[in-house]
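File shown here: structure-v1.txt, holding compact mmCIF, C-alpha atoms.
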```txt
# COMPACT_ATOMS: atom_id res chain seq x y z
CA MET A 1 -4.08 1.84 -7.84
CA LEU A 2 -1.70 4.77 -7.92
CA ASP A 3 -0.24 3.68 -11.20
CA ASP A 4 -3.60 4.35 -12.78
CA TRP A 5 -4.30 7.65 -11.11
CA ASP A 6 -3.36 10.94 -12.67
CA ASP A 7 -2.47 13.97 -10.57
CA GLU A 8 -6.04 15.21 -10.58
CA GLN A 9 -7.43 11.92 -9.21
CA LEU A 10 -4.73 11.75 -6.58
CA LEU A 11 -5.54 15.28 -5.45
CA VAL A 12 -9.27 14.52 -5.27
CA ALA A 13 -8.59 11.35 -3.26
CA LEU A 14 -6.30 13.27 -0.91
CA GLY A 15 -8.96 15.93 -0.33
CA GLU A 16 -11.58 13.27 0.39
CA ALA A 17 -9.24 11.54 2.84
CA MET A 18 -8.52 14.77 4.74
CA ARG A 19 -12.20 15.69 4.90
CA ALA A 20 -13.16 12.20 6.10
CA ARG A 21 -10.87 12.74 9.08
CA GLN A 22 -12.15 16.27 9.74
CA ALA A 23 -15.72 14.97 9.78
CA VAL A 24 -14.99 12.89 12.89
CA PRO A 25 -15.72 14.83 16.09
CA GLU A 26 -12.63 15.41 18.25
CA SER A 27 -14.58 14.17 21.28
CA PHE A 28 -14.95 10.80 19.55
CA VAL A 29 -11.22 10.60 18.90
CA ASP A 30 -10.42 11.66 22.48
CA LEU A 31 -12.63 8.90 23.90
CA GLY A 32 -10.71 6.43 21.79
CA LYS A 33 -7.37 7.71 23.02
CA SER A 34 -8.41 7.61 26.66
CA ALA A 35 -9.46 3.96 26.32
CA TYR A 36 -5.73 3.17 26.41
CA ALA A 37 -5.80 3.83 30.15
CA TRP A 38 -7.23 0.31 30.37
CA HIS A 39 -4.29 -1.23 28.63
CA ASN A 40 -2.30 -3.71 30.69
CA ILE A 41 -5.03 -3.78 33.27
CA ASP A 42 -5.52 -7.46 33.57
CA ALA A 43 -9.27 -7.27 33.68
CA GLU A 44 -11.73 -9.11 31.53
CA LEU A 45 -14.35 -6.99 29.79
CA ALA A 46 -17.93 -7.79 30.81
CA GLN A 47 -20.53 -7.06 28.15
CA LEU A 48 -23.96 -5.61 28.74
CA THR A 49 -26.31 -8.55 28.21
CA TYR A 50 -29.53 -7.17 29.68
CA ASP A 51 -30.91 -3.68 30.12
CA SER A 52 -34.47 -3.29 31.40
CA SER A 53 -34.78 0.12 29.72
CA ARG A 54 -34.34 -1.62 26.40
CA GLU A 55 -36.86 -4.38 27.06
CA PRO A 56 -40.56 -3.66 26.64
CA VAL A 57 -42.41 -4.72 29.78
CA ALA A 58 -45.49 -6.88 29.00
CA GLY A 59 -47.56 -4.32 27.18
CA LEU A 60 -46.21 -1.44 29.21
CA ARG A 61 -43.75 1.14 28.11
CA SER A 62 -40.39 0.75 29.80
CA GLU A 63 -40.84 4.10 31.53
CA ALA A 64 -43.44 2.37 33.67
CA ALA A 65 -40.81 0.04 35.12
CA SER A 66 -39.77 1.51 38.43
CA ILE A 67 -36.40 -0.13 38.69
CA ARG A 68 -33.73 -0.09 36.07
CA ALA A 69 -31.90 -3.38 35.94
CA LEU A 70 -28.72 -4.18 34.06
CA THR A 71 -26.69 -7.33 33.67
CA PHE A 72 -23.07 -7.53 32.59
CA THR A 73 -21.61 -10.88 31.69
CA SER A 74 -18.04 -12.06 31.32
CA ALA A 75 -16.68 -15.56 30.81
CA HIS A 76 -16.47 -16.15 34.56
CA ILE A 77 -19.02 -14.02 36.35
CA SER A 78 -22.11 -11.91 35.89
CA LEU A 79 -22.77 -8.60 37.51
CA GLU A 80 -26.41 -7.82 38.22
CA LEU A 81 -27.24 -4.21 38.90
CA GLU A 82 -30.33 -2.41 40.09
CA VAL A 83 -30.66 1.32 40.10
CA THR A 84 -32.78 2.50 42.99
CA GLU A 85 -33.38 5.97 44.30
CA GLY A 86 -30.04 7.21 45.47
CA SER A 87 -28.03 4.03 45.15
CA LEU A 88 -26.75 1.42 42.85
CA LEU A 89 -27.23 -2.10 44.20
CA GLY A 90 -25.55 -5.11 42.75
CA GLN A 91 -24.57 -8.69 43.10
CA ILE A 92 -21.81 -10.82 41.69
CA ILE A 93 -23.05 -14.16 40.34
CA PRO A 94 -21.88 -16.73 41.39
CA PRO A 95 -21.59 -15.00 44.77
CA ARG A 96 -18.16 -14.21 46.17
CA ALA A 97 -16.55 -11.49 48.24
CA GLY A 98 -14.23 -8.86 46.85
CA THR A 99 -13.86 -5.22 46.00
CA LEU A 100 -15.80 -3.11 43.55
CA GLU A 101 -14.22 -0.05 41.98
CA THR A 102 -16.27 2.67 40.36
CA GLN A 103 -14.47 4.70 37.77
CA THR A 104 -15.80 7.83 36.14
CA ARG A 105 -14.76 9.20 32.78
CA ALA A 106 -13.07 12.01 34.65
CA GLY A 107 -10.73 9.42 36.11
CA THR A 108 -11.90 9.36 39.72
CA THR A 109 -12.07 5.94 41.33
CA THR A 110 -13.91 4.90 44.47
CA SER A 111 -13.88 1.51 46.18
CA THR A 112 -16.81 -0.37 47.65
CA PRO A 113 -16.61 -3.67 49.54
CA VAL A 114 -18.45 -6.70 48.17
CA ASP A 115 -19.79 -9.00 50.90
CA GLU A 116 -19.52 -12.80 50.99
CA ILE A 117 -22.80 -13.29 49.14
CA GLY A 118 -21.53 -11.03 46.38
CA CYS A 119 -23.64 -7.98 47.23
CA PHE A 120 -22.58 -4.36 47.13
CA ALA A 121 -24.13 -0.91 47.26
CA VAL A 122 -22.66 2.16 45.60
CA GLU A 123 -23.89 5.43 47.10
CA PRO A 124 -24.53 7.93 45.73
CA ILE A 125 -25.13 6.76 42.18
CA PRO A 126 -21.98 7.67 40.23
CA ALA A 127 -22.11 10.36 37.59
CA SER A 128 -22.66 8.89 34.12
CA PRO A 129 -20.83 7.54 32.32
CA PHE A 130 -19.04 5.27 34.75
CA ARG A 131 -17.75 1.74 34.79
CA LEU A 132 -17.33 -0.92 37.41
CA ARG A 133 -14.34 -3.10 38.03
CA CYS A 134 -14.77 -6.08 40.23
CA ARG A 135 -11.94 -7.97 41.87
CA THR A 136 -12.43 -11.00 44.04
CA ALA A 137 -10.15 -13.05 46.28
CA ASP A 138 -10.00 -15.92 43.78
CA GLY A 139 -8.33 -13.66 41.23
CA THR A 140 -11.38 -12.77 39.17
CA ASP A 141 -10.90 -9.32 37.67
CA VAL A 142 -13.69 -8.01 35.48
CA VAL A 143 -14.49 -4.57 34.17
CA THR A 144 -17.78 -3.47 32.60
CA GLY A 145 -18.24 -1.28 29.55
CA TRP A 146 -19.19 2.34 30.20
CA ILE A 147 -22.59 2.70 31.83
CA THR A 148 -24.88 5.66 31.28
CA LEU A 149 -27.95 5.83 33.49
CA MET B 150 -3.43 -3.92 2.49
CA ARG B 151 -2.74 -7.06 4.44
CA ASP B 152 0.92 -6.19 4.70
CA ASP B 153 0.84 -2.53 5.68
CA PRO B 154 4.05 -2.34 7.71
CA SER B 155 3.04 0.84 9.53
CA VAL B 156 -0.13 -0.70 10.98
CA VAL B 157 1.74 -3.80 12.12
CA ALA B 158 4.39 -1.64 13.77
CA LEU B 159 1.82 0.60 15.47
CA VAL B 160 -0.10 -2.39 16.82
CA ALA B 161 3.12 -3.92 18.14
CA ARG B 162 4.12 -0.67 19.86
CA ALA B 163 0.65 -0.14 21.30
CA ALA B 164 0.65 -3.72 22.61
CA GLY B 165 3.72 -2.65 24.59
CA SER B 166 2.96 0.53 26.45
CA ASP B 167 3.21 3.23 23.82
CA GLN B 168 0.33 5.68 24.18
CA ASP B 169 1.57 7.61 21.15
CA ALA B 170 1.29 4.53 18.91
CA TRP B 171 -2.21 3.91 20.26
CA ASN B 172 -3.18 7.53 19.57
CA GLN B 173 -2.01 7.15 15.99
CA LEU B 174 -4.11 4.03 15.56
CA VAL B 175 -7.17 5.85 16.91
CA GLU B 176 -6.51 8.89 14.71
CA ARG B 177 -6.15 6.65 11.71
CA TYR B 178 -9.17 4.45 12.23
CA ALA B 179 -11.69 6.69 14.03
CA PRO B 180 -13.11 7.66 10.61
CA LEU B 181 -13.71 3.97 9.84
CA VAL B 182 -15.53 3.33 13.12
CA CYS B 183 -17.56 6.52 12.64
CA ALA B 184 -18.40 5.73 9.02
CA ILE B 185 -19.80 2.33 9.92
CA CYS B 186 -21.90 3.79 12.75
CA THR B 187 -23.24 6.30 10.24
CA ARG B 188 -24.23 3.46 7.94
CA TYR B 189 -26.40 2.12 10.76
CA ARG B 190 -27.84 5.64 11.21
CA LEU B 191 -27.02 5.76 14.89
CA SER B 192 -27.55 8.88 16.98
CA ASN B 193 -24.47 10.80 18.12
CA HIS B 194 -24.95 9.41 21.59
CA ASP B 195 -25.06 5.83 20.34
CA ILE B 196 -22.05 6.46 18.11
CA GLU B 197 -20.05 7.50 21.17
CA ASP B 198 -21.19 4.41 23.07
CA VAL B 199 -20.31 2.09 20.22
CA GLY B 200 -16.96 3.83 19.76
CA GLN B 201 -16.15 3.44 23.45
CA ASN B 202 -16.83 -0.27 23.39
CA VAL B 203 -14.92 -0.83 20.17
CA TRP B 204 -11.78 0.91 21.46
CA LEU B 205 -11.99 -0.86 24.80
CA LEU B 206 -12.33 -4.20 23.05
CA LEU B 207 -9.33 -3.31 20.92
CA VAL B 208 -7.28 -2.36 23.98
CA GLU B 209 -8.13 -5.80 25.32
CA GLN B 210 -7.16 -7.48 22.06
CA LEU B 211 -3.82 -5.70 21.53
CA GLY B 212 -1.15 -8.33 21.53
CA LYS B 213 -3.73 -11.03 20.89
CA LEU B 214 -4.59 -10.03 17.33
CA ARG B 215 -3.50 -12.96 15.24
CA GLU B 216 -3.03 -10.78 12.19
CA PRO B 217 -2.31 -7.18 13.18
CA ALA B 218 -2.31 -6.04 9.55
CA ALA B 219 -5.96 -7.08 9.35
CA LEU B 220 -6.83 -4.54 12.05
CA PRO B 221 -9.15 -2.48 9.79
CA GLY B 222 -11.20 -5.60 9.12
CA TRP B 223 -11.33 -6.46 12.80
CA LEU B 224 -12.41 -2.91 13.67
CA ALA B 225 -15.08 -2.85 10.98
CA THR B 226 -16.55 -6.20 12.04
CA THR B 227 -16.48 -5.31 15.72
CA THR B 228 -18.07 -1.90 15.09
CA SER B 229 -20.74 -3.48 12.94
CA ARG B 230 -21.56 -6.01 15.65
CA GLU B 231 -21.80 -3.30 18.31
CA CYS B 232 -24.03 -1.19 16.03
CA LEU B 233 -26.33 -4.13 15.40
CA ARG B 234 -26.74 -4.60 19.12
CA VAL B 235 -27.84 -0.99 19.53
CA VAL B 236 -30.18 -1.15 16.52
CA THR B 237 -31.82 -4.43 17.57
CA ALA B 238 -32.32 -3.20 21.11
CA ALA B 239 -33.95 0.00 19.86
CA GLN B 240 -36.17 -1.90 17.44
CA ARG B 241 -37.32 -4.29 20.14
CA LEU B 242 -38.25 -1.36 22.30
CA GLY B 243 -39.90 0.41 19.39
CA THR B 244 -37.82 3.55 19.84
CA ARG B 245 -36.34 3.30 16.40
CA LEU B 246 -38.81 4.98 14.11
CA ASP B 247 -37.45 3.94 10.75
CA ASP B 248 -38.07 0.22 10.91
CA THR B 249 -36.31 -0.28 7.63
CA PRO B 250 -32.76 0.66 8.52
CA GLU B 251 -30.33 0.69 5.67
CA PHE B 252 -29.19 -2.83 4.96
CA VAL B 253 -25.56 -2.94 6.00
CA ASP B 254 -24.09 -6.01 4.37
CA ASP B 255 -20.56 -7.33 3.98
CA VAL B 256 -20.14 -5.49 0.69
CA VAL B 257 -20.80 -2.16 2.40
CA ILE B 258 -18.45 -3.06 5.25
CA ASP B 259 -15.73 -4.06 2.78
CA GLU B 260 -16.16 -0.76 0.94
CA GLU B 261 -15.65 1.13 4.18
CA ILE B 262 -12.56 -0.92 5.02
CA LEU B 263 -10.99 -0.25 1.62
CA ARG B 264 -11.89 3.38 1.88
CA ALA B 265 -10.41 3.67 5.38
CA GLU B 266 -7.19 1.97 4.36
CA ARG B 267 -6.83 4.19 1.32
CA ASP B 268 -7.66 7.38 3.22
CA GLY B 269 -5.39 6.45 6.12
CA ALA B 270 -2.48 5.78 3.78
CA LEU B 271 -3.09 9.05 1.93
CA ARG B 272 -3.18 11.07 5.17
CA ALA B 273 -0.05 9.35 6.46
CA ALA B 274 1.76 10.07 3.19
CA PHE B 275 0.57 13.67 3.25
CA ALA B 276 1.82 14.14 6.81
CA GLU B 277 5.31 13.11 5.70
CA LEU B 278 5.52 15.78 2.99
CA PRO B 279 7.62 18.88 3.62
CA PRO B 280 5.54 21.83 4.90
CA PRO B 281 5.64 23.84 1.63
CA CYS B 282 4.13 20.86 -0.23
CA ARG B 283 1.46 20.39 2.43
CA ARG B 284 0.51 24.07 2.26
CA LEU B 285 0.28 24.05 -1.52
CA LEU B 286 -1.67 20.79 -1.79
CA ALA B 287 -4.03 21.83 1.01
CA MET B 288 -5.01 24.90 -0.99
CA LEU B 289 -5.46 22.77 -4.09
CA PHE B 290 -7.59 20.00 -2.58
CA SER B 291 -9.76 22.29 -0.49
CA ASP B 292 -13.41 22.33 -1.47
CA PRO B 293 -13.83 24.54 -3.43
CA PRO B 294 -10.16 24.66 -4.53
CA HIS B 295 -8.29 27.94 -4.39
CA SER B 296 -7.39 29.65 -7.63
CA TYR B 297 -3.78 29.95 -8.74
CA THR B 298 -4.10 33.70 -8.11
CA GLN B 299 -5.12 33.12 -4.49
CA ILE B 300 -2.39 30.51 -4.02
CA SER B 301 0.23 32.80 -5.51
CA ALA B 302 -0.83 35.65 -3.21
CA THR B 303 -1.07 33.49 -0.07
CA LEU B 304 2.03 31.35 -0.46
CA GLY B 305 4.19 33.84 -2.35
CA ILE B 306 4.79 31.44 -5.23
CA ARG B 307 4.97 32.76 -8.80
CA MET B 308 1.94 31.71 -10.84
CA GLY B 309 4.16 29.93 -13.34
CA SER B 310 5.74 27.80 -10.59
CA ILE B 311 2.52 26.47 -9.11
CA GLY B 312 1.93 23.83 -11.79
CA PRO B 313 5.44 22.35 -11.65
CA GLN B 314 5.49 22.45 -7.82
CA ARG B 315 2.10 20.75 -7.69
CA ALA B 316 3.44 17.97 -9.94
CA ARG B 317 6.59 17.58 -7.82
CA CYS B 318 4.65 17.44 -4.54
CA LEU B 319 2.19 14.88 -5.89
CA GLU B 320 5.09 12.79 -7.18
CA ARG B 321 6.62 12.84 -3.69
CA LEU B 322 3.26 11.80 -2.27
CA ARG B 323 3.09 8.89 -4.70
CA ARG B 324 6.49 7.65 -3.63
CA ALA B 325 5.68 7.67 0.09
CA ASP B 326 6.09 4.22 1.65
CA THR B 327 2.50 4.03 2.84
CA LEU B 328 1.16 4.66 -0.65
CA LEU B 329 3.57 2.22 -2.25
CA ALA B 330 2.32 -0.43 0.19
CA LEU B 331 -1.22 0.53 -0.76
CA SER B 332 -0.68 0.29 -4.51
CA ALA B 333 0.78 -3.18 -4.02
CA GLY B 334 -2.52 -4.17 -2.39
CA GLU B 335 -6.03 -4.81 -3.60
CA PHE B 336 -7.18 -1.36 -4.55
CA GLU B 337 -7.37 -1.48 -8.31
CA THR B 338 -11.12 -1.04 -8.42
CA ASN B 339 -11.33 1.61 -5.75
CA THR B 340 -11.09 4.88 -7.62
CA PRO B 341 -11.49 8.26 -5.97
CA GLY B 342 -14.81 9.98 -6.20
CA GLY B 343 -16.67 6.70 -6.59
CA GLY B 344 -16.76 5.75 -2.93
CA PRO B 345 -19.63 6.14 -0.52
CA GLY B 346 -20.30 9.64 0.65
CA ALA B 347 -18.07 11.07 -2.07
```
Can the structure in the file be given as structure tokens, please?
Amino acid sequence: MLDDWDDEQLLVALGEAMRARQAVPESFVDLGKSAYAWHNIDAELAQLTYDSSREPVAGLRSEAASIRALTFTSAHISLELEVTEGSLLGQIIPPRAGTLETQTRAGTTTSTPVDEIGCFAVEPIPASPFRLRCRTADGTDVVTGWITL
Amino acid sequence: MRDDPSVVALVARAAGSDQDAWNQLVERYAPLVCAICTRYRLSNHDIEDVGQNVWLLLVEQLGKLREPAALPGWLATTTSRECLRVVTAAQRLGTRLDDTPEFVDDVVIDEEILRAERDGALRAAFAELPPPCRRLLAMLFSDPPHSYTQISATLGIRMGSIGPQRARCLERLRRADTLLALSAGEFETNTPGGGPGA
């Protein structure tokens, strides 16, 4: 490539490269850098596989649905969430006891117990965006992607 | 650029516990992730969401990547998949007004990968130049470029020296390791000014 480029072409390419970087918002880059906080945390990432706000409800607009429901799925467990007024209810499927951690982008973490049928309640609803990390006695350790309600 | 030694080294360091190496990877490839999101015409909010997921998935994959040098390809494919998920969800819900989103095929993705590799190598090479060269070239590649009169006044270089210094600085840039690795790669057809968004 460079063998064929004269100085003018190289300079143009350099300018384009610098501007391509400047066009990316710093907030976007910062989010990427902060993702490294999750490095070496031996948790499996659970993907969002269902979001009621993104599913049309039988002829009704989604706004008509009173409860927002989300499902996150990893190789070993699913996490079913329901957003009600004032709290975030959830269940680990298949059911098992453990601990649920809520982490906000600001870095604060709070713990909530998960009962033996896998249920938990987070109150109040965490500030968006947040993510949930779920650890159970059998060694399951799963973290969700960032959730914005 | 399957054999870019700097990417392989950065991935290896980041797979350890080197936040600085990770930051450099993000700095280098954020434009690629962003560019692909833009191809899918995502909103700023969705771009942030997709970006989040892509970086988190990469954090998870560090140390497991079978071919660290192919990281740009991995990032592009992963970003594209995440974008598709957002687009399909919005279409199903009917919240996406343009129901004919730009067709983002493998050719487009490959273009963005090549572009990102080239741009990343150019920026890395530029960063290694001595400060006087960086100052001079920055004034020359700015859009619109500065005149020799402005450059002479700002940098205190005689008008007659600007041309020769420009040539010397660009020659140094050409000989930077990152660019030598790039020219040994598959970039013959990728000329500046012809790329997307140019």
Skip range 215-217 of chain B itself and residues of its chain fewer than 5 positions away, then list as a ChimeraX atom specification all residues within 9 Å of it, counting all atoms listed in the file. /B:151,156-158,160-161
Residues of chain A within 8 Å of chain B, counting all atoms listed in the file, what are they? List them as a count of residues only. 35
Write out as a VMD selection string which residues come within 6 Å of Leu81 in chain A when counting only C-alpha atoms, dropping same-chain ones fewer than 2 positions away. chain A and resid 69 to 70 89 to 90
For the residues in that selection, give me C-alpha atoms as an mmCIF file, in the frame of the given file.
```
data_model
loop_
_atom_site.group_PDB
_atom_site.id
_atom_site.type_symbol
_atom_site.label_atom_id
_atom_site.label_comp_id
_atom_site.auth_asym_id
_atom_site.auth_seq_id
_atom_site.Cartn_x
_atom_site.Cartn_y
_atom_site.Cartn_z
ATOM 1 C CA ALA A 69 -31.900 -3.380 35.940
ATOM 2 C CA LEU A 70 -28.720 -4.180 34.060
ATOM 3 C CA LEU A 89 -27.230 -2.100 44.200
ATOM 4 C CA GLY A 90 -25.550 -5.110 42.750
#
```
Have a look at CA of Gly309 in chain B and CA of Ser296 in chain B and let me know their distance in Å, one decimal.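 Computing it gives 12.9 Å between the two atoms.
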Interatomic distance between CA of Pro221 in chain B and CA of Ile262 in chain B?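 Separation of CA of Pro221 in chain B and CA of Ile262 in chain B: 6.1 Å.
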Within 10 Å of Pro94 in chain A, counting only C-alpha atoms, which residues show up once you throw out same-chain ones fewer than 2 positions away? Write them as a PyMOL selection string, please. chain A and resi 76-79+91-92+96+117-118
What separation in Å, quoted to one decimal, exists between CA of Leu88 in chain A and CA of Asp141 in chain A? 19.8 Å
With all atoms listed in the file as the counted atoms, please give the residues lying no more than 9 Å from Ile185 in chain B, apart from itself and same-chain residues fewer than 4 positions off, as a ChimeraX atom specification. /B:180-181,189-190,225,228-229,232,253,257-258,261
Which residue of A:Ala75, A:Asp115, A:Thr108, A:Thr148 approaches Asp195 in chain B most closely, using all atoms listed in the file: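 Using all atoms listed in the file, Asp195 in chain B sits closest to A:Thr148.
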Extract, using all atoms listed in the file, all DNA, RNA and protein residues at most 10 Å from Ser111 in chain A, discarding same-chain residues fewer than 6 positions from it, and format them as a VMD selection string. chain A and resid 99 to 103 122 132 to 134
Quick test: take range 215-234 of chain B, keep N, CA and C atoms, and write it as a short mmCIF file (atom, residue, chain, number, x, y, z; two decimals), in the first residue's frame.
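Result saved to part.cif:
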```cif
data_model
loop_
_atom_site.label_atom_id
_atom_site.label_comp_id
_atom_site.auth_asym_id
_atom_site.auth_seq_id
_atom_site.Cartn_x
_atom_site.Cartn_y
_atom_site.Cartn_z
N ARG B 215 -8.79 -17.19 19.58
CA ARG B 215 -7.87 -18.16 18.98
C ARG B 215 -6.83 -17.47 18.12
N GLU B 216 -7.22 -16.32 17.56
CA GLU B 216 -6.30 -15.61 16.67
C GLU B 216 -6.35 -14.12 17.01
N PRO B 217 -5.58 -13.71 18.03
CA PRO B 217 -5.67 -12.33 18.50
C PRO B 217 -5.49 -11.30 17.39
N ALA B 218 -4.68 -11.62 16.39
CA ALA B 218 -4.44 -10.65 15.31
C ALA B 218 -5.70 -10.40 14.51
N ALA B 219 -6.65 -11.33 14.59
CA ALA B 219 -7.89 -11.17 13.84
C ALA B 219 -8.94 -10.40 14.66
N LEU B 220 -8.48 -9.73 15.71
CA LEU B 220 -9.39 -8.99 16.58
C LEU B 220 -10.31 -8.03 15.83
N PRO B 221 -9.79 -7.23 14.87
CA PRO B 221 -10.71 -6.33 14.16
C PRO B 221 -11.88 -7.07 13.53
N GLY B 222 -11.60 -8.22 12.95
CA GLY B 222 -12.67 -9.01 12.33
C GLY B 222 -13.67 -9.49 13.37
N TRP B 223 -13.15 -9.94 14.49
CA TRP B 223 -14.02 -10.40 15.58
C TRP B 223 -14.91 -9.26 16.07
N LEU B 224 -14.30 -8.08 16.26
CA LEU B 224 -15.06 -6.92 16.73
C LEU B 224 -16.14 -6.53 15.73
N ALA B 225 -15.77 -6.53 14.46
CA ALA B 225 -16.73 -6.11 13.43
C ALA B 225 -17.91 -7.06 13.38
N THR B 226 -17.63 -8.36 13.41
CA THR B 226 -18.70 -9.35 13.35
C THR B 226 -19.59 -9.27 14.57
N THR B 227 -18.97 -9.15 15.74
CA THR B 227 -19.74 -9.07 16.98
C THR B 227 -20.60 -7.81 17.00
N THR B 228 -20.02 -6.68 16.59
CA THR B 228 -20.78 -5.43 16.56
C THR B 228 -21.96 -5.56 15.61
N SER B 229 -21.70 -6.14 14.45
CA SER B 229 -22.74 -6.29 13.45
C SER B 229 -23.89 -7.15 14.00
N ARG B 230 -23.55 -8.21 14.70
CA ARG B 230 -24.57 -9.09 15.26
C ARG B 230 -25.41 -8.36 16.31
N GLU B 231 -24.72 -7.58 17.15
CA GLU B 231 -25.44 -6.82 18.19
C GLU B 231 -26.35 -5.76 17.55
N CYS B 232 -25.86 -5.13 16.47
CA CYS B 232 -26.66 -4.11 15.78
C CYS B 232 -27.92 -4.75 15.19
N LEU B 233 -27.73 -5.91 14.58
CA LEU B 233 -28.86 -6.60 13.95
C LEU B 233 -29.94 -6.91 14.97
N ARG B 234 -29.50 -7.26 16.18
CA ARG B 234 -30.46 -7.58 17.22
C ARG B 234 -31.31 -6.35 17.55
#
```
